[in-house]
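Content type compact mmCIF, C-alpha atoms and all ligand atoms, from the file input_32.txt:
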```txt
# COMPACT_ATOMS: atom_id res chain seq x y z
CA MET Y 1 0.00 0.00 0.00
CA GLU Y 2 2.78 2.41 0.93
CA MET Y 3 4.29 1.84 -2.51
CA LYS Y 4 0.94 2.50 -4.16
CA ARG Y 5 0.68 5.76 -2.24
CA ALA Y 6 4.22 6.71 -3.28
CA GLU Y 7 3.38 5.96 -6.91
CA MET Y 8 0.23 7.98 -6.60
CA ARG Y 9 2.08 10.88 -5.07
CA GLY Y 10 4.59 10.85 -7.90
CA ASN Y 11 1.93 11.39 -10.51
CA SER Y 12 -0.77 13.13 -8.48
CA GLY Y 13 -2.78 9.95 -8.66
CA MET Y 14 -3.69 10.61 -12.24
CA LYS Y 15 -1.37 8.51 -14.35
CA GLU Y 16 -3.04 7.27 -17.51
CA SER Y 17 -6.35 8.44 -16.15
CA ALA Y 18 -8.89 10.99 -17.23
CA ALA Y 19 -6.81 13.40 -15.22
CA SER Y 20 -3.87 12.83 -17.51
CA GLN Y 21 -5.84 14.30 -20.35
CA PRO Y 22 -4.20 17.46 -21.58
CA GLY Y 23 -4.68 20.46 -19.37
CA LEU Y 24 -6.55 18.84 -16.54
CA ALA Y 25 -3.52 19.37 -14.33
CA PHE Y 26 -4.31 23.05 -14.70
CA GLY Y 27 -7.98 22.44 -14.23
CA TYR Y 28 -8.94 23.01 -17.82
CA ALA Y 29 -9.29 21.19 -21.05
CA GLU Y 30 -5.95 21.86 -22.71
CA PRO Y 31 -2.31 22.02 -21.71
CA ALA Y 32 -1.37 25.50 -20.73
CA LEU Y 33 2.36 25.04 -21.07
CA ASP Y 34 3.19 25.97 -24.63
CA PRO Y 35 3.78 29.59 -25.52
CA LEU Y 36 0.85 31.35 -27.13
CA LEU Y 37 0.77 30.92 -30.86
CA GLN Y 38 3.45 28.26 -30.76
CA TYR Y 39 0.97 26.24 -32.72
CA SER Y 40 1.25 22.71 -33.96
CA VAL Y 41 2.06 22.51 -37.66
CA ARG Y 42 -1.63 22.14 -38.45
CA GLN Y 43 -2.48 25.18 -36.40
CA GLN Y 44 0.32 27.17 -38.02
CA LEU Y 45 -1.06 26.27 -41.44
CA GLU Y 46 -4.55 27.28 -40.35
CA ALA Y 47 -3.18 30.51 -38.92
CA LEU Y 48 -1.58 31.19 -42.33
CA THR Y 49 -4.97 30.80 -43.95
CA LYS Y 50 -6.50 33.12 -41.40
CA GLU Y 51 -3.73 35.67 -41.99
CA LYS Y 52 -5.04 35.99 -45.54
CA LEU Y 53 -8.41 37.02 -44.23
CA THR Y 54 -9.30 40.65 -44.04
CA ASP Y 55 -9.98 42.00 -40.56
CA TRP Y 56 -13.68 42.10 -41.38
CA GLN Y 57 -13.66 38.43 -42.44
CA ARG Y 58 -11.78 37.47 -39.26
CA ARG Y 59 -14.35 39.22 -37.07
CA CYS Y 60 -17.20 37.58 -38.98
CA LEU Y 61 -15.65 34.15 -38.34
CA LEU Y 62 -15.21 34.97 -34.66
CA ARG Y 63 -18.83 36.06 -34.30
CA GLU Y 64 -20.10 33.06 -36.25
CA SER Y 65 -18.08 30.63 -34.12
CA PHE Y 66 -19.48 32.11 -30.89
CA THR Y 67 -23.07 32.21 -32.16
CA GLU Y 68 -22.97 28.68 -33.57
CA THR Y 69 -21.55 27.21 -30.37
CA ILE Y 70 -24.03 28.94 -28.08
CA THR Y 71 -26.97 28.13 -30.36
CA THR Y 72 -26.05 24.44 -30.10
CA VAL Y 73 -25.41 24.59 -26.36
CA LEU Y 74 -28.74 26.29 -25.63
CA GLN Y 75 -30.92 24.42 -28.08
CA GLN Y 76 -29.63 20.90 -27.51
CA GLU Y 77 -29.46 19.38 -24.07
CA LYS Y 78 -27.27 16.60 -25.46
CA THR Y 79 -24.93 16.99 -28.39
CA ASP Y 80 -22.39 14.39 -29.46
CA HIS Y 81 -18.93 14.98 -28.06
CA GLN Y 82 -17.26 15.25 -31.46
CA THR Y 83 -19.54 18.05 -32.59
CA LEU Y 84 -19.01 19.93 -29.36
CA THR Y 85 -15.25 19.47 -29.62
CA ARG Y 86 -15.28 20.95 -33.12
CA LEU Y 87 -17.43 23.91 -32.10
CA PHE Y 88 -15.39 24.75 -29.01
CA GLU Y 89 -12.08 24.32 -30.84
CA ASN Y 90 -13.35 26.75 -33.45
CA MET Y 91 -14.32 29.31 -30.79
CA TYR Y 92 -10.90 28.94 -29.20
CA GLN Y 93 -9.04 29.38 -32.49
CA CYS Y 94 -10.97 32.57 -33.25
CA ALA Y 95 -10.57 34.01 -29.73
CA VAL Y 96 -6.82 33.35 -29.80
CA GLN Y 97 -6.62 35.49 -32.95
CA SER Y 98 -8.04 38.39 -30.93
CA MET Y 99 -5.53 37.69 -28.18
CA ALA Y 100 -2.68 37.72 -30.70
CA LEU Y 101 -3.95 41.02 -32.10
CA ALA Y 102 -4.12 42.54 -28.60
CA GLY Y 103 -0.31 42.53 -28.73
CA LEU Y 104 0.53 41.47 -25.17
CA SER Y 105 4.21 41.57 -24.25
CA GLN Y 106 5.74 38.23 -23.31
CA GLU Y 107 5.90 39.35 -19.68
CA VAL Y 108 2.24 40.39 -19.54
CA LEU Y 109 1.22 37.20 -21.33
CA THR Y 110 3.09 34.79 -19.06
CA ARG Y 111 3.05 36.45 -15.63
CA GLN Y 112 1.61 33.94 -13.15
CA TYR Y 113 1.90 34.22 -9.38
CA ILE Y 114 0.48 33.29 -6.00
CA GLY Y 115 -1.60 36.22 -4.76
CA SER Y 116 -2.73 36.71 -1.16
CA THR Y 117 -5.95 34.76 -1.80
CA GLY Y 118 -4.85 32.23 -4.41
CA LEU Y 119 -3.11 31.43 -7.64
CA VAL Y 120 -3.40 34.11 -10.33
CA MET Y 121 -3.04 32.32 -13.62
CA SER Y 122 -1.37 33.98 -16.58
CA PRO Y 123 -3.45 35.07 -19.59
CA LEU Y 124 -1.48 32.48 -21.56
CA ASN Y 125 -2.63 29.64 -19.31
CA CYS Y 126 -6.17 30.99 -19.06
CA ARG Y 127 -6.76 31.12 -22.79
CA THR Y 128 -7.86 27.47 -22.92
CA THR Y 129 -10.72 27.80 -20.42
CA ILE Y 130 -12.97 28.71 -23.37
CA GLN Y 131 -12.40 25.16 -24.63
CA ASP Y 132 -13.52 23.46 -21.43
CA ILE Y 133 -16.67 22.15 -23.09
CA TYR Y 134 -18.88 20.86 -20.29
CA ARG Y 135 -17.93 23.64 -17.88
CA VAL Y 136 -18.82 26.37 -20.39
CA LYS Y 137 -21.95 24.45 -21.39
CA GLY Y 138 -23.21 23.96 -17.80
CA PHE Y 139 -22.57 27.59 -16.94
CA THR Y 140 -23.97 29.04 -20.17
CA ARG Y 141 -27.24 27.11 -19.91
CA GLY Y 142 -27.62 28.16 -16.28
CA ILE Y 143 -26.70 31.80 -16.89
CA ASP Y 144 -29.14 32.00 -19.82
CA GLN Y 145 -31.97 30.80 -17.58
CA ALA Y 146 -30.98 33.20 -14.79
CA ILE Y 147 -30.93 36.16 -17.21
CA ARG Y 148 -34.31 35.20 -18.70
CA ALA Y 149 -35.81 34.82 -15.20
CA LYS Y 150 -34.53 38.25 -14.12
CA LEU Y 151 -35.57 40.02 -17.30
CA ALA Y 152 -39.05 38.52 -17.06
CA HIS Y 153 -39.81 41.01 -14.29
CA LYS Y 154 -37.16 43.72 -14.72
CA GLU Y 155 -36.43 46.06 -17.60
CA SER Y 156 -32.68 45.78 -17.25
CA ILE Y 157 -30.08 43.91 -15.23
CA HIS Y 158 -26.45 44.43 -14.29
CA ILE Y 159 -24.09 41.46 -14.19
CA LEU Y 160 -20.72 41.27 -12.41
CA TYR Y 161 -18.17 38.72 -13.67
CA PRO Y 162 -14.91 38.88 -11.68
CA ALA Y 163 -11.78 36.82 -12.45
CA CYS Y 164 -13.19 36.48 -15.94
CA GLY Y 165 -9.89 35.72 -17.69
CA PRO Y 166 -8.85 37.05 -21.12
CA PHE Y 167 -11.94 35.75 -22.97
CA ALA Y 168 -14.71 35.97 -20.30
CA PRO Y 169 -16.03 32.72 -21.82
CA LEU Y 170 -19.05 32.41 -19.56
CA MET Y 171 -20.54 35.68 -20.85
CA LEU Y 172 -19.08 36.99 -24.12
CA PRO Y 173 -20.20 34.06 -26.33
CA LEU Y 174 -23.69 34.30 -24.78
CA LEU Y 175 -23.85 38.07 -25.35
CA GLN Y 176 -22.74 37.55 -28.94
CA TYR Y 177 -25.62 35.10 -29.37
CA TYR Y 178 -28.11 37.50 -27.73
CA GLN Y 179 -26.99 40.32 -30.01
CA GLU Y 180 -26.94 38.27 -33.20
CA LYS Y 181 -30.34 36.69 -32.56
CA ALA Y 182 -31.83 39.92 -31.15
CA VAL Y 183 -32.73 38.15 -27.89
CA PHE Y 184 -31.64 40.83 -25.42
CA SER Y 185 -30.22 44.28 -26.13
CA SER Y 186 -27.54 46.30 -24.38
CA GLU Y 187 -30.36 48.37 -22.84
CA GLN Y 188 -31.40 45.19 -21.03
CA ILE Y 189 -28.02 43.76 -20.06
CA GLN Y 190 -25.02 45.59 -18.69
CA LEU Y 191 -21.87 43.65 -17.82
CA THR Y 192 -18.93 44.55 -15.58
CA LEU Y 193 -15.81 42.47 -16.13
CA VAL Y 194 -13.00 42.40 -13.57
CA ASP Y 195 -9.58 40.77 -13.76
CA VAL Y 196 -6.34 41.50 -11.96
CA GLN Y 197 -4.15 40.56 -14.92
CA PRO Y 198 -3.44 43.52 -17.22
CA GLY Y 199 -3.07 41.03 -20.10
CA ALA Y 200 -6.59 39.71 -19.53
CA ILE Y 201 -8.02 43.25 -19.66
CA GLN Y 202 -5.97 44.16 -22.73
CA THR Y 203 -7.24 41.03 -24.52
CA LEU Y 204 -10.82 41.72 -23.44
CA HIS Y 205 -10.70 45.22 -24.97
CA GLN Y 206 -9.74 43.64 -28.30
CA LEU Y 207 -12.25 40.78 -28.07
CA VAL Y 208 -15.19 42.94 -26.99
CA SER Y 209 -14.44 45.30 -29.86
CA ASP Y 210 -14.03 42.44 -32.36
CA LEU Y 211 -17.42 41.11 -31.30
CA GLY Y 212 -19.01 44.56 -31.44
CA LEU Y 213 -20.26 44.11 -27.87
CA ASP Y 214 -18.98 47.43 -26.47
CA ALA Y 215 -22.49 48.68 -25.71
CA TYR Y 216 -23.13 45.72 -23.40
CA VAL Y 217 -19.96 46.27 -21.36
CA ALA Y 218 -20.36 48.86 -18.61
CA GLN Y 219 -16.86 48.46 -17.23
CA LEU Y 220 -13.67 46.54 -17.90
CA ALA Y 221 -11.84 46.85 -14.60
CA GLU Y 222 -8.24 45.84 -13.97
CA ALA Y 223 -8.53 45.14 -10.24
CA ASP Y 224 -8.14 42.55 -7.53
CA ALA Y 225 -11.66 41.16 -7.15
CA THR Y 226 -11.16 40.65 -3.39
CA ALA Y 227 -10.73 44.41 -2.99
CA PHE Y 228 -12.97 45.69 -5.82
CA GLN Y 229 -15.58 48.16 -4.53
CA PRO Y 230 -18.45 48.45 -7.02
CA GLU Y 231 -20.54 51.59 -6.78
CA GLN Y 232 -23.80 49.78 -7.39
CA SER Y 233 -25.52 46.49 -6.67
CA PHE Y 234 -25.76 43.62 -9.15
CA ASP Y 235 -28.49 41.22 -10.23
CA LEU Y 236 -26.10 38.40 -11.08
CA LEU Y 237 -22.62 37.54 -9.85
CA ILE Y 238 -20.90 35.02 -12.10
CA LEU Y 239 -17.74 33.51 -10.70
CA GLU Y 240 -15.56 30.58 -11.63
CA ALA Y 241 -12.07 30.79 -10.17
CA MET Y 242 -11.58 27.30 -8.86
CA GLN Y 243 -9.49 24.22 -9.45
CA HIS Y 244 -10.00 20.55 -8.65
CA GLY Y 245 -10.46 19.70 -4.99
CA PHE Y 246 -11.59 23.31 -4.46
CA THR Y 247 -7.94 24.29 -4.01
CA LYS Y 248 -5.41 26.81 -5.29
CA GLU Y 249 -7.56 29.57 -6.79
CA GLY Y 250 -9.40 32.25 -4.82
CA GLN Y 251 -13.05 31.34 -5.54
CA LEU Y 252 -14.09 31.51 -1.90
CA SER Y 253 -12.33 34.79 -1.02
CA ILE Y 254 -13.65 36.49 -4.16
CA ALA Y 255 -17.20 35.21 -3.65
CA LYS Y 256 -17.18 36.17 0.04
CA HIS Y 257 -16.10 39.73 -0.79
CA LEU Y 258 -18.53 40.29 -3.67
CA VAL Y 259 -21.72 38.50 -2.61
CA PRO Y 260 -22.74 41.47 -0.40
CA PHE Y 261 -22.91 43.56 -3.61
CA LEU Y 262 -25.73 41.36 -4.94
CA SER Y 263 -29.21 42.88 -4.69
CA VAL Y 264 -31.59 41.18 -2.24
CA ASP Y 265 -33.05 39.01 -5.01
CA GLY Y 266 -29.75 38.83 -6.90
CA SER Y 267 -28.29 35.42 -7.78
CA LEU Y 268 -24.86 33.93 -7.45
CA ILE Y 269 -23.76 31.63 -10.26
CA PRO Y 270 -22.92 28.89 -9.48
CA ALA Y 271 -25.94 28.74 -7.20
CA GLU Y 272 -24.33 25.87 -5.32
CA ILE Y 273 -20.91 24.28 -5.13
CA SER Y 274 -21.03 21.06 -3.14
CA VAL Y 275 -17.56 19.80 -2.23
CA ARG Y 276 -17.55 16.15 -1.24
CA GLY Y 277 -15.10 13.56 -0.05
CA MET Y 278 -14.74 9.87 -0.86
CA LEU Y 279 -12.29 7.11 -0.02
CA VAL Y 280 -11.21 5.31 -3.17
CA HIS Y 281 -8.76 2.82 -4.59
CA GLY Y 282 -6.62 5.19 -6.64
CA GLU Y 283 -5.96 2.65 -9.37
CA THR Y 284 -9.68 1.93 -9.90
CA GLU Y 285 -10.87 5.53 -9.61
CA PHE Y 286 -8.19 7.34 -11.58
CA ASN Y 287 -6.90 4.71 -13.97
CA GLN Y 288 -8.94 1.59 -14.68
CA GLN Y 289 -12.33 3.19 -15.11
CA TRP Y 290 -10.99 5.51 -17.83
CA GLN Y 291 -9.18 2.85 -19.87
CA THR Y 292 -12.16 2.28 -22.11
CA ALA Y 293 -14.05 5.55 -21.71
CA LYS Y 294 -14.13 7.76 -24.81
CA TYR Y 295 -13.68 10.93 -22.78
CA ALA Y 296 -13.86 12.14 -19.20
CA HIS Y 297 -17.41 12.98 -18.18
CA SER Y 298 -19.75 12.17 -15.30
CA ASP Y 299 -21.87 10.18 -17.78
CA ASN Y 300 -18.89 7.88 -18.34
CA ILE Y 301 -18.10 7.02 -14.71
CA SER Y 302 -18.06 3.23 -14.52
CA GLU Y 303 -20.64 1.50 -12.33
CA GLN Y 304 -17.92 -0.69 -10.88
CA ALA Y 305 -15.77 2.28 -9.84
CA GLN Y 306 -18.81 4.02 -8.41
CA ALA Y 307 -19.74 0.95 -6.37
CA ASP Y 308 -16.17 0.70 -5.12
CA ARG Y 309 -16.18 4.18 -3.57
CA VAL Y 310 -16.79 4.88 0.11
CA GLU Y 311 -18.55 8.23 0.04
CA LEU Y 312 -17.93 10.48 3.04
CA GLY Y 313 -20.55 13.07 2.14
CA GLU Y 314 -20.40 16.82 1.76
CA ILE Y 315 -17.50 18.60 3.40
CA PHE Y 316 -18.32 22.16 2.26
CA LYS Y 317 -21.25 23.90 0.59
CA ILE Y 318 -20.95 27.30 -1.08
CA THR Y 319 -24.13 29.20 -1.82
CA LYS Y 320 -25.18 32.84 -1.60
CA SER Y 321 -26.65 32.31 1.86
CA SER Y 322 -23.79 30.18 3.19
CA LEU Y 323 -21.34 32.87 2.07
CA LEU Y 324 -23.31 35.63 3.76
CA GLY Y 325 -23.27 33.70 7.04
CA MET Y 326 -19.69 32.45 6.84
CA ALA Y 327 -17.56 33.40 9.84
CA GLU Y 328 -13.78 33.62 9.58
CA ILE Y 329 -11.64 32.27 12.40
CA GLU Y 330 -8.27 33.97 12.78
CA LEU Y 331 -5.51 31.71 14.07
CA GLN Y 332 -2.55 32.89 16.17
CA SER Y 333 -0.40 32.94 13.04
CA GLY Y 334 -2.84 35.38 11.45
CA VAL Y 335 -4.06 32.73 8.99
CA LYS Y 336 -7.82 32.86 8.49
CA VAL Y 337 -9.90 29.71 8.18
CA ILE Y 338 -13.57 28.83 7.72
CA ARG Y 339 -15.15 25.94 9.57
CA ALA Y 340 -16.44 23.42 7.04
CA ASN Y 341 -18.32 20.16 7.75
CA GLN Y 342 -17.63 17.15 9.91
CA VAL Y 343 -17.68 13.66 8.44
CA LYS Y 344 -17.50 10.28 10.13
CA ILE Y 345 -15.13 7.67 8.73
CA PRO Y 346 -17.28 4.54 8.35
CA SER Y 347 -16.42 1.44 10.35
CA GLY Y 348 -16.31 -2.08 8.97
CA VAL Y 349 -14.67 -1.37 5.60
CA ALA Y 350 -12.11 -4.17 5.41
CA ASP Y 351 -9.68 -2.54 2.98
CA MET Y 352 -9.79 0.98 4.44
CA LYS Y 353 -6.01 1.23 4.72
CA ASP Y 354 -5.69 0.74 0.93
CA ARG Y 355 -7.88 3.74 0.18
CA ILE Y 356 -7.03 7.38 -0.39
CA LEU Y 357 -9.13 10.49 0.14
CA ALA Y 358 -10.35 12.19 -3.02
CA ILE Y 359 -12.15 15.54 -2.86
CA TYR Y 360 -14.45 16.49 -5.71
CA ALA Y 361 -17.07 19.10 -6.52
CA HIS Y 362 -20.56 19.00 -7.92
CA ILE Y 363 -21.64 22.37 -9.28
CA GLU Y 364 -25.19 23.51 -9.84
CA THR Y 365 -24.88 26.64 -11.96
CA PHE Y 366 -28.59 27.60 -11.95
CA ALA Y 367 -32.01 25.98 -12.26
CA GLY Y 368 -30.69 22.42 -12.27
CA GLU Y 369 -27.97 23.02 -14.88
CA SER Y 370 -24.76 21.51 -13.63
CA VAL Y 371 -21.10 20.62 -14.02
CA GLY Y 372 -20.61 17.16 -12.53
CA PRO Y 373 -17.49 15.33 -11.36
CA TYR Y 374 -15.10 14.68 -14.31
CA ASP Y 375 -17.09 17.03 -16.61
CA SER Y 376 -14.30 19.56 -16.15
CA GLY Y 377 -10.96 19.86 -14.44
CA ILE Y 378 -12.62 22.06 -11.84
CA THR Y 379 -14.88 19.24 -10.65
CA HIS Y 380 -12.34 16.46 -11.11
CA PRO Y 381 -11.65 14.45 -7.93
CA CYS Y 382 -8.37 15.52 -6.34
CA PRO Y 383 -6.41 12.91 -4.37
CA ASP Y 384 -5.13 14.00 -0.97
CA MET Y 385 -2.07 11.86 -0.31
CA SER Y 386 -1.52 13.22 3.18
CA PHE Y 387 -4.77 11.74 4.56
CA TYR Y 388 -4.24 8.25 6.05
CA VAL Y 389 -7.02 6.00 7.35
CA ASP Y 390 -6.15 3.02 9.58
CA MET Y 391 -2.44 3.18 8.80
CA GLN Y 392 0.64 5.05 9.89
CA PRO Y 393 2.68 6.85 7.22
CA ARG Y 394 6.25 5.58 7.01
CA VAL Y 395 7.64 9.09 7.06
CA THR Y 396 6.60 11.36 9.90
CA SER Y 397 5.51 14.72 8.60
CA SER Y 398 3.34 17.46 10.06
CA GLN Y 399 1.56 17.50 6.69
CA ASN Y 400 0.17 14.01 7.27
CA PHE Y 401 -3.18 13.43 8.93
CA VAL Y 402 -3.96 10.03 10.45
CA VAL Y 403 -7.44 8.90 11.44
CA ARG Y 404 -9.10 5.59 12.30
CA SER Y 405 -12.34 4.05 11.06
CA GLY Y 406 -15.25 5.20 13.20
CA GLU Y 407 -13.62 8.54 14.09
CA THR Y 408 -14.95 11.95 13.11
CA VAL Y 409 -13.03 14.42 10.96
CA GLN Y 410 -13.64 18.17 11.10
CA PHE Y 411 -12.63 20.02 7.93
CA TYR Y 412 -11.55 23.66 7.81
CA TYR Y 413 -10.86 25.77 4.72
CA GLN Y 414 -7.79 27.98 4.81
CA LEU Y 415 -7.95 31.40 3.16
CA THR Y 416 -4.33 31.85 2.15
CA GLY Y 417 -2.39 32.16 -1.09
CA LEU Y 418 -2.79 28.37 -1.26
CA PRO Y 419 -6.45 27.90 -0.32
CA GLY Y 420 -7.60 24.39 0.50
CA PHE Y 421 -8.85 22.01 3.17
CA VAL Y 422 -7.23 21.17 6.48
CA ALA Y 423 -8.49 18.08 8.31
CA THR Y 424 -8.54 17.81 12.12
CA LYS Y 425 -9.92 15.22 14.53
CA GLY Y 426 -13.55 16.11 15.21
C1 LIG L 501 -8.71 30.35 -14.77
S1 LIG L 501 -8.76 31.97 -15.29
C2 LIG L 501 -10.40 32.47 -15.60
C3 LIG L 501 -11.49 31.56 -15.65
C4 LIG L 501 -12.72 32.29 -16.09
N1 LIG L 501 -13.51 32.67 -14.97
C5 LIG L 501 -13.50 31.42 -17.00
O1 LIG L 501 -14.67 31.28 -16.76
O2 LIG L 501 -12.96 30.91 -17.95
C6 LIG L 501 -8.48 32.78 -13.83
C7 LIG L 501 -8.51 34.29 -13.97
O3 LIG L 501 -8.84 34.80 -12.71
C8 LIG L 501 -8.08 35.96 -12.51
N2 LIG L 501 -7.98 36.15 -11.08
C9 LIG L 501 -7.52 35.29 -10.14
N3 LIG L 501 -7.59 35.86 -8.93
C10 LIG L 501 -8.11 37.09 -9.10
C11 LIG L 501 -8.44 38.15 -8.23
N4 LIG L 501 -8.23 38.05 -6.92
N5 LIG L 501 -8.96 39.27 -8.76
C12 LIG L 501 -9.18 39.38 -10.09
N6 LIG L 501 -8.88 38.42 -10.96
C13 LIG L 501 -8.36 37.29 -10.49
C14 LIG L 501 -6.76 35.68 -13.15
O4 LIG L 501 -6.08 36.86 -13.44
C15 LIG L 501 -7.18 34.91 -14.38
O5 LIG L 501 -7.37 35.75 -15.47
```
Written as structure tokens, how would this file's structure read?
Amino acid sequence: MEMKRAEMRGNSGMKESAASQPGLAFGYAEPALDPLLQYSVRQQLEALTKEKLTDWQRRCLLRESFTETITTVLQQEKTDHQTLTRLFENMYQCAVQSMALAGLSQEVLTRQYIGSTGLVMSPLNCRTTIQDIYRVKGFTRGIDQAIRAKLAHKESIHILYPACGPFAPLMLPLLQYYQEKAVFSSEQIQLTLVDVQPGAIQTLHQLVSDLGLDAYVAQLAEADATAFQPEQSFDLLILEAMQHGFTKEGQLSIAKHLVPFLSVDGSLIPAEISVRGMLVHGETEFNQQWQTAKYAHSDNISEQAQADRVELGEIFKITKSSLLGMAEIELQSGVKVIRANQVKIPSGVADMKDRILAIYAHIETFAGESVGPYDSGITHPCPDMSFYVDMQPRVTSSQNFVVRSGETVQFYYQLTGLPGFVATKG
């Protein structure tokens, strides 16, 4: 078992699994390691073709790619994976052209750092989030319903979308669709976009202009979302700044700071993030069940792997009301934490010592629309190799947490530059 754990640690528990699919290490659908525009040969050839386009033709293609994708996403509950892959790849290719035209310096493009509330990804690494099919789909379908519900009884709404990245992919494609199909006008929807990366804002100026969506955008603010002080209230707050296991990025700190700026009947999207724990055999969960699956998705989770799990239940729930009532505890070191849930480790599971803790999220964006485990890197189960049940780690380390079957575990969430869960004996 110790060797299995060591192997798992070496590869984050994701060798040959769905998690080894490109980009999932970063939480998104594509690897974020290659320099922008260092295309494959095929992409370089395609870029050559696009270079021959006039600027007007390029913008037409961009708008068409956004409209076509959102039309499909909204009109079809289920679309085959290949079609979706083609549509999203097309959107990505067109958006990257706008990014290239925005003329970011190498430094602005690649600057990535740990901020006081979490990882701040570079515009380069964020560019692929627009390709994260089932995340964008689950959010877009939910956001569309939320907007329709609000505009059914209000003349106009104001939407806040912090940490939106260089392409603001949860709103700009939808706005393009609304404009093209004359669904909602800029008199009805006003959008404020916030990102701390100058390169994201610079790219957004180009993209918004290329899409002809300027009238919909009230503000493009280069600011830290955890300190941003809007001068008005909002009807919708759209936020996705998370990674698998609900770690690393500052989703919680940003949401906690901005939720008070929602109007009384305003909605947070996602409406609910349920973070859950399970004890699994790493090999079964992360490797075997994906050997024959066509792609990673909650629909493709194997029955055998599902039956093999020992679910621990919900360890943290993030909603508008839970955020408004969330109390911070300040430790002696000055580190702030939030008390999350308690779970009991079940008794009577014979092979408990062979299992590892995996933390995963289930996201309800709005009105039942969701992003399930494995649909995206952000909901992908994250193995915690420091959590030992019914066995002693060979190496003593303060990082390790040891618990026995039948005992209770109290989880806390630390609000630092490396946000994540801390387990204690309950
Ligand atoms: C993963 S990307 C964006 C994902 C985007 N929400 C989407 O839906 O595709 C993360 C972005 O969040 C921004 N970000 C992270 N922390 C931030 C903060 N505290 N304030 C503002 N922007 C932040 C980063 O600059 C980066 O552009």
Give the answer as one residue: which of Y:Ile378, Y:Leu160, Y:Leu239, Y:Ile269 has the shortest atom-to-atom distance to ligand LIG 501 (chain L), using all atoms listed in the file?
Y:Leu239
Quick one: axis-aligned box around all listed atoms of ligand LIG 501 (chain L), 4 Å on every side, centre and edge lengths in Å to one decimal, written as JSON.
```
{"center_x": -10.4, "center_y": 34.9, "center_z": -12.4, "size_x": 16.6, "size_y": 17.0, "size_z": 19.0}
```
When you look at Ser98 in chain Y with a cut-off of 7 Å (counting only C-alpha atoms), what residues show up, excluding the ones that are within fewer than 5 positions of it in the same chain? I need them as a PyMOL selection string.
chain Y and resi 203+206-207
Residue with smallest distance to Pro270 in chain Y - pool Y:Thr365, Y:Thr192, Y:Asn125, Y:Gln76, counting all atoms listed in the file:
Y:Thr365
List all protein, DNA and RNA residues that have any atom at most 8 Å from ligand LIG 501 (chain L), counting all atoms listed in the file, and write the list as an MDAnalysis selection string.
chainID Y and resid 27:28 115 117:123 125:130 136 161:170 194:197 200 222:227 239:242 249:251 253:254
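Using only C-alpha atoms, the protein and nucleic acid residues lying no more than 9 Å from Phe261 in chain Y, apart from those fewer than 3 places from it along its own chain, are Gln229, Pro230, Glu231, Gln232, Ser233, Phe234, Asp235, Leu237, His257, Leu258 and Gly266 of chain Y.
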Serialized selection, C-alpha atoms, as a compact mmCIF listing (two decimals), in the coordinates of the input:
```
# COMPACT_ATOMS: atom_id res chain seq x y z
CA GLN Y 229 -15.58 48.16 -4.53
CA PRO Y 230 -18.45 48.45 -7.02
CA GLU Y 231 -20.54 51.59 -6.78
CA GLN Y 232 -23.80 49.78 -7.39
CA SER Y 233 -25.52 46.49 -6.67
CA PHE Y 234 -25.76 43.62 -9.15
CA ASP Y 235 -28.49 41.22 -10.23
CA LEU Y 237 -22.62 37.54 -9.85
CA HIS Y 257 -16.10 39.73 -0.79
CA LEU Y 258 -18.53 40.29 -3.67
CA GLY Y 266 -29.75 38.83 -6.90
```
Can you pull out every residue within 12 Å of Ala307 in chain Y, counting only C-alpha atoms, but drop anything in the same chain fewer than 3 positions away, and send it as an MDAnalysis selection string?
chainID Y and resid 278:281 284:285 289 301:304 310:311
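Counting only C-alpha atoms and comparing Y:Leu324, Y:Ile315, Y:Leu124, Y:Val403, the residue that lies closest to Gln342 in chain Y is Y:Ile315.
Across the structure, CA of Pro381 in chain Y and CA of Leu415 in chain Y are spaced 20.6 Å apart.
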When you look at Ala423 in chain Y with a cut-off of 8 Å (counting all atoms listed in the file), what residues show up, excluding the ones that are within fewer than 6 positions of it in the same chain? I need them as a list in words.
Phe401, Val409, Gln410, Phe411 and Tyr412 of chain Y
